[in-house]
Amino acid sequence: MVNSRTNGYIQTLIAALVVIIGLLVYSGLNAYDRLTWLMEVIPVLIALPILARTYRSFPLTSLLYGAIFIHMIVLIFGGMYTYARVPLGFEIAQWLDIDRNPYDKIGHFMQGFAPALIAREILIRGDYVNGWRMLNFIVICIVLAISASYELIEWATALWMGQGADEFLGTQGYVWDTQSDMFFALIGASAAIVCCARLHDRLIQRMSKYDYSR
């Protein structure tokens with residue numbers, strides 16, 4: 001029997017799904033560059049069916065769903081405007097008195113934050129790691145591996161498209177863009193561990209009743 005609390009949780013997830021799909025459609029129709037938009041939102045297009053398919057067999061904590069939701073929004077707007085043109089980034093640049101749009105660093109921060117919680121949840125619920133020190137170490141390693149893989153994809157895209165990849169890369173002439181992208185992913189992962197570990201642990205304990213034997 002589905003109680004009111006569970007029903008409200010499901011309704012919230014459905015509402016979030018509707019918002020994401022709506023933003024995907026809107027951003028695609030209003031994209032600055034359609035190819036760049038597609039490349040930027042591919043992670044969203046891949047994640048949505050996976051999340052829907054695994055909801056019953058492996059539902060995630062509300063914290064993780066929330067982090068994924070925010071990450072998707074960051075990706076969608078980055079794809080719609082291209083990262084160098086997102087209006088929020090210009091506002092931040094003006095506030096910080098810097099000469100480049102830093103919205104891509106928000107994207108890479110979330111590229112560390114959300115995957116860190118994903119890795120944490122899978123490792124804890126699967127009982128794959130013993131001890132919080134080893135858990136944190138492996139989570140950081142996973143996030144940096146994901147970040148490095150993404151930078152390799154950007155490199156391959158640059159070789160394939162040449163100058164046409166400028167919108168996707170969003171380096172804005174910054175020579176240390178690759179290194180700083182990985183650094184912000186590291187900051188995001190560290191923030192997830194330091195700020196959310198206790199809450200995440202409590203939510204995982206509450207979610208244990210939804211786990212099914214595989």
# chains A, B, ... in the order shown; residues from 1 in each chain; ligands from 1
>>> select_by_dssp(residues="region 49-151 of chain A", states="helix (DSSP H, G or I)", output="PyMOL selection string")
chain A and resi 49-54+62-81+83-85+87-96+103-125+132-151
>>> residues_around(residues="Tyr32 (chain A)", least_positions_apart="3", cutoff="9 Å", atoms="only C-alpha atoms", output="ChimeraX atom specification")
/A:27-28,36-37,79-82
>>> write_last_selection(atoms="N, CA and C atoms", output="JSON list (two decimals), in the first residue's frame")
[["chain", "number", "residue", "atom", "x", "y", "z"],
["A", 27, "SER", "N", 14.51, 24.76, -24.29],
["A", 27, "SER", "CA", 15.91, 25.09, -24.60],
["A", 27, "SER", "C", 16.29, 24.64, -26.00],
["A", 28, "GLY", "N", 15.76, 23.48, -26.42],
["A", 28, "GLY", "CA", 16.07, 23.00, -27.76],
["A", 28, "GLY", "C", 15.50, 23.91, -28.84],
["A", 36, "THR", "N", 25.54, 22.33, -30.45],
["A", 36, "THR", "CA", 26.12, 22.52, -29.12],
["A", 36, "THR", "C", 25.11, 22.15, -28.04],
["A", 37, "TRP", "N", 23.86, 22.55, -28.23],
["A", 37, "TRP", "CA", 22.80, 22.19, -27.28],
["A", 37, "TRP", "C", 22.71, 20.69, -27.13],
["A", 79, "GLY", "N", 23.52, 24.40, -22.37],
["A", 79, "GLY", "CA", 23.33, 24.01, -23.76],
["A", 79, "GLY", "C", 22.52, 25.02, -24.53],
["A", 80, "MET", "N", 21.54, 25.62, -23.89],
["A", 80, "MET", "CA", 20.66, 26.57, -24.57],
["A", 80, "MET", "C", 21.43, 27.83, -25.00],
["A", 81, "TYR", "N", 22.17, 28.41, -24.06],
["A", 81, "TYR", "CA", 22.87, 29.66, -24.35],
["A", 81, "TYR", "C", 24.29, 29.45, -24.86],
["A", 82, "THR", "N", 24.87, 28.29, -24.64],
["A", 82, "THR", "CA", 26.30, 27.95, -24.62],
["A", 82, "THR", "C", 26.86, 28.55, -23.33]]
>>> residues_around(residues="Leu123 (chain A)", least_positions_apart="3", cutoff="12 Å", atoms="only C-alpha atoms", output="list in words")
Pro115, Ala116, Leu117, Ile118, Ala119, Arg120, Gly126, Asp127, Tyr128, Val129, Asn130, Gly131, Trp132, Met134, Leu135, Asn136, Phe137, Ile138, Val139, Ile142, Asp201 and Ile204 of chain A
>>> write_last_selection(atoms="C-alpha atoms", output="CSV table (one decimal), in the first residue's frame")
chain,number,residue,atom,x,y,z
A,115,PRO,CA,28.3,12.3,-9.2
A,116,ALA,CA,29.9,12.2,-5.7
A,117,LEU,CA,26.5,11.6,-4.2
A,118,ILE,CA,25.7,9.0,-6.9
A,119,ALA,CA,28.9,7.2,-6.2
A,120,ARG,CA,28.4,7.4,-2.4
A,126,GLY,CA,25.7,-2.0,-2.2
A,127,ASP,CA,28.0,-2.5,0.8
A,128,TYR,CA,31.1,-2.3,-1.5
A,129,VAL,CA,33.3,-0.3,0.8
A,130,ASN,CA,34.2,-0.5,4.5
A,131,GLY,CA,35.2,2.6,6.4
A,132,TRP,CA,34.5,6.3,5.7
A,134,MET,CA,38.2,4.6,2.0
A,135,LEU,CA,34.6,5.6,0.9
A,136,ASN,CA,35.6,9.2,0.6
A,137,PHE,CA,38.8,8.3,-1.2
A,138,ILE,CA,37.0,6.1,-3.8
A,139,VAL,CA,34.3,8.7,-4.3
A,142,ILE,CA,35.4,8.3,-9.3
A,201,ASP,CA,23.6,8.7,5.4
A,204,ILE,CA,20.0,6.1,2.8
>>> atom_distance(atom1="CA of Asn101 (chain A)", atom2="CA of Arg85 (chain A)")
7.1 Å
>>> residues_around(residues="Phe183 (chain A)", least_positions_apart="4", cutoff="10 Å", atoms="only C-alpha atoms", output="ChimeraX atom specification")
/A:105,108-109,112,144,147,177-179,187-189
>>> closest_residue(among="A:Phe69, A:Leu96, A:Asn30, A:Tyr83", to="Ala15 (chain A)", atoms="only C-alpha atoms")
A:Phe69
>>> residues_around(residues="Leu199 (chain A)", least_positions_apart="2", cutoff="12 Å", atoms="only C-alpha atoms", output="MDAnalysis selection string")
chainID A and resid 61:64 117 121 192:197 201:206
>>> write_last_selection(atoms="N, CA, C and O atoms", output="PDB file, in the first residue's frame")
ATOM      1  N   THR A  61      17.766   8.464  -2.967  1.00  0.00           N
ATOM      2  CA  THR A  61      17.352   9.367  -1.893  1.00  0.00           C
ATOM      3  C   THR A  61      16.892  10.700  -2.481  1.00  0.00           C
ATOM      4  O   THR A  61      17.272  11.076  -3.589  1.00  0.00           O
ATOM      5  N   SER A  62      16.078  11.399  -1.720  1.00  0.00           N
ATOM      6  CA  SER A  62      15.590  12.698  -2.174  1.00  0.00           C
ATOM      7  C   SER A  62      16.738  13.680  -2.387  1.00  0.00           C
ATOM      8  O   SER A  62      16.704  14.512  -3.297  1.00  0.00           O
ATOM      9  N   LEU A  63      17.776  13.583  -1.560  1.00  0.00           N
ATOM     10  CA  LEU A  63      18.948  14.454  -1.714  1.00  0.00           C
ATOM     11  C   LEU A  63      19.605  14.232  -3.065  1.00  0.00           C
ATOM     12  O   LEU A  63      19.960  15.190  -3.771  1.00  0.00           O
ATOM     13  N   LEU A  64      19.771  12.978  -3.448  1.00  0.00           N
ATOM     14  CA  LEU A  64      20.423  12.673  -4.715  1.00  0.00           C
ATOM     15  C   LEU A  64      19.553  13.075  -5.895  1.00  0.00           C
ATOM     16  O   LEU A  64      20.056  13.641  -6.872  1.00  0.00           O
ATOM     17  N   LEU A 117      27.629  12.188  -4.913  1.00  0.00           N
ATOM     18  CA  LEU A 117      26.495  11.611  -4.178  1.00  0.00           C
ATOM     19  C   LEU A 117      26.012  10.315  -4.826  1.00  0.00           C
ATOM     20  O   LEU A 117      25.622   9.369  -4.131  1.00  0.00           O
ATOM     21  N   GLU A 121      26.121   6.836  -2.817  1.00  0.00           N
ATOM     22  CA  GLU A 121      24.900   6.060  -2.578  1.00  0.00           C
ATOM     23  C   GLU A 121      25.041   4.631  -3.076  1.00  0.00           C
ATOM     24  O   GLU A 121      24.636   3.683  -2.398  1.00  0.00           O
ATOM     25  N   ALA A 192      30.189  18.024  -1.489  1.00  0.00           N
ATOM     26  CA  ALA A 192      29.140  17.023  -1.285  1.00  0.00           C
ATOM     27  C   ALA A 192      29.450  16.148  -0.081  1.00  0.00           C
ATOM     28  O   ALA A 192      28.575  15.837   0.728  1.00  0.00           O
ATOM     29  N   ILE A 193      30.717  15.759   0.043  1.00  0.00           N
ATOM     30  CA  ILE A 193      31.119  14.892   1.151  1.00  0.00           C
ATOM     31  C   ILE A 193      31.068  15.635   2.472  1.00  0.00           C
ATOM     32  O   ILE A 193      30.512  15.155   3.469  1.00  0.00           O
ATOM     33  N   VAL A 194      31.641  16.831   2.507  1.00  0.00           N
ATOM     34  CA  VAL A 194      31.743  17.586   3.761  1.00  0.00           C
ATOM     35  C   VAL A 194      30.372  18.080   4.235  1.00  0.00           C
ATOM     36  O   VAL A 194      30.036  17.997   5.416  1.00  0.00           O
ATOM     37  N   CYS A 195      29.577  18.584   3.300  1.00  0.00           N
ATOM     38  CA  CYS A 195      28.318  19.244   3.678  1.00  0.00           C
ATOM     39  C   CYS A 195      27.117  18.305   3.744  1.00  0.00           C
ATOM     40  O   CYS A 195      26.156  18.595   4.465  1.00  0.00           O
ATOM     41  N   CYS A 196      27.169  17.205   3.008  1.00  0.00           N
ATOM     42  CA  CYS A 196      25.957  16.383   2.866  1.00  0.00           C
ATOM     43  C   CYS A 196      26.073  14.962   3.394  1.00  0.00           C
ATOM     44  O   CYS A 196      25.074  14.229   3.380  1.00  0.00           O
ATOM     45  N   ALA A 197      27.260  14.541   3.838  1.00  0.00           N
ATOM     46  CA  ALA A 197      27.459  13.137   4.199  1.00  0.00           C
ATOM     47  C   ALA A 197      26.494  12.662   5.282  1.00  0.00           C
ATOM     48  O   ALA A 197      25.880  11.599   5.166  1.00  0.00           O
ATOM     49  N   ASP A 201      23.612   9.938   4.720  1.00  0.00           N
ATOM     50  CA  ASP A 201      23.602   8.663   5.444  1.00  0.00           C
ATOM     51  C   ASP A 201      22.234   8.383   6.063  1.00  0.00           C
ATOM     52  O   ASP A 201      21.725   7.258   6.011  1.00  0.00           O
ATOM     53  N   ARG A 202      21.640   9.420   6.656  1.00  0.00           N
ATOM     54  CA  ARG A 202      20.317   9.242   7.274  1.00  0.00           C
ATOM     55  C   ARG A 202      19.266   8.895   6.224  1.00  0.00           C
ATOM     56  O   ARG A 202      18.415   8.018   6.444  1.00  0.00           O
ATOM     57  N   LEU A 203      19.324   9.566   5.095  1.00  0.00           N
ATOM     58  CA  LEU A 203      18.350   9.309   4.033  1.00  0.00           C
ATOM     59  C   LEU A 203      18.532   7.919   3.441  1.00  0.00           C
ATOM     60  O   LEU A 203      17.557   7.252   3.082  1.00  0.00           O
ATOM     61  N   ILE A 204      19.771   7.473   3.335  1.00  0.00           N
ATOM     62  CA  ILE A 204      20.035   6.128   2.827  1.00  0.00           C
ATOM     63  C   ILE A 204      19.446   5.086   3.768  1.00  0.00           C
ATOM     64  O   ILE A 204      18.872   4.078   3.333  1.00  0.00           O
ATOM     65  N   GLN A 205      19.575   5.304   5.072  1.00  0.00           N
ATOM     66  CA  GLN A 205      18.996   4.381   6.045  1.00  0.00           C
ATOM     67  C   GLN A 205      17.479   4.313   5.889  1.00  0.00           C
ATOM     68  O   GLN A 205      16.878   3.236   5.972  1.00  0.00           O
ATOM     69  N   ARG A 206      16.845   5.464   5.672  1.00  0.00           N
ATOM     70  CA  ARG A 206      15.395   5.485   5.485  1.00  0.00           C
ATOM     71  C   ARG A 206      14.983   4.786   4.197  1.00  0.00           C
ATOM     72  O   ARG A 206      13.912   4.187   4.119  1.00  0.00           O
TER      73      ARG A 206
END
>>> atom_distance(atom1="CA of Leu45 (chain A)", atom2="CA of Val18 (chain A)")
13.6 Å
>>> residues_around(residues="Ile14 (chain A)", least_positions_apart="6", cutoff="12 Å", atoms="only C-alpha atoms", output="MDAnalysis selection string")
chainID A and resid 7:8 20:21 48 51:52 55 65 69
>>> write_last_selection(atoms="N, CA, C and O atoms", output="CSV table (one decimal), in the first residue's frame")
chain,number,residue,atom,x,y,z
A,7,ASN,N,3.3,8.7,-1.7
A,7,ASN,CA,2.6,9.3,-2.8
A,7,ASN,C,3.0,10.7,-3.1
A,7,ASN,O,3.2,11.1,-4.3
A,8,GLY,N,3.2,11.5,-2.1
A,8,GLY,CA,3.7,12.9,-2.3
A,8,GLY,C,5.1,12.9,-2.8
A,8,GLY,O,5.5,13.7,-3.7
A,20,ILE,N,11.9,19.2,-16.1
A,20,ILE,CA,13.1,18.9,-16.9
A,20,ILE,C,12.7,18.7,-18.4
A,20,ILE,O,13.4,19.3,-19.3
A,21,ILE,N,11.7,17.9,-18.7
A,21,ILE,CA,11.3,17.7,-20.1
A,21,ILE,C,10.8,19.0,-20.7
A,21,ILE,O,11.2,19.3,-21.9
A,48,LEU,N,17.8,10.4,-17.9
A,48,LEU,CA,16.3,10.4,-17.6
A,48,LEU,C,15.7,9.0,-17.8
A,48,LEU,O,15.0,8.5,-16.9
A,51,LEU,N,17.0,6.7,-14.9
A,51,LEU,CA,16.4,7.0,-13.6
A,51,LEU,C,14.9,6.4,-13.6
A,51,LEU,O,14.5,5.9,-12.6
A,52,ALA,N,14.2,6.6,-14.7
A,52,ALA,CA,12.9,6.1,-14.8
A,52,ALA,C,12.8,4.6,-14.7
A,52,ALA,O,12.0,4.0,-14.0
A,55,TYR,N,13.7,3.3,-11.1
A,55,TYR,CA,13.0,3.9,-9.9
A,55,TYR,C,12.5,2.8,-9.0
A,55,TYR,O,12.6,2.9,-7.7
A,65,TYR,N,18.3,12.8,-5.8
A,65,TYR,CA,17.4,13.2,-6.9
A,65,TYR,C,17.4,14.8,-7.0
A,65,TYR,O,17.4,15.3,-8.1
A,69,PHE,N,18.6,16.8,-10.3
A,69,PHE,CA,17.7,17.8,-10.9
A,69,PHE,C,18.4,19.1,-11.1
A,69,PHE,O,18.3,19.7,-12.2
>>> residues_around(residues="Val74 (chain A)", least_positions_apart="2", cutoff="9 Å", atoms="only C-alpha atoms", output="PyMOL selection string")
chain A and resi 69-72+76-79+103+106-107+110
>>> atom_distance(atom1="CA of Leu75 (chain A)", atom2="CA of Val41 (chain A)")
6.0 Å
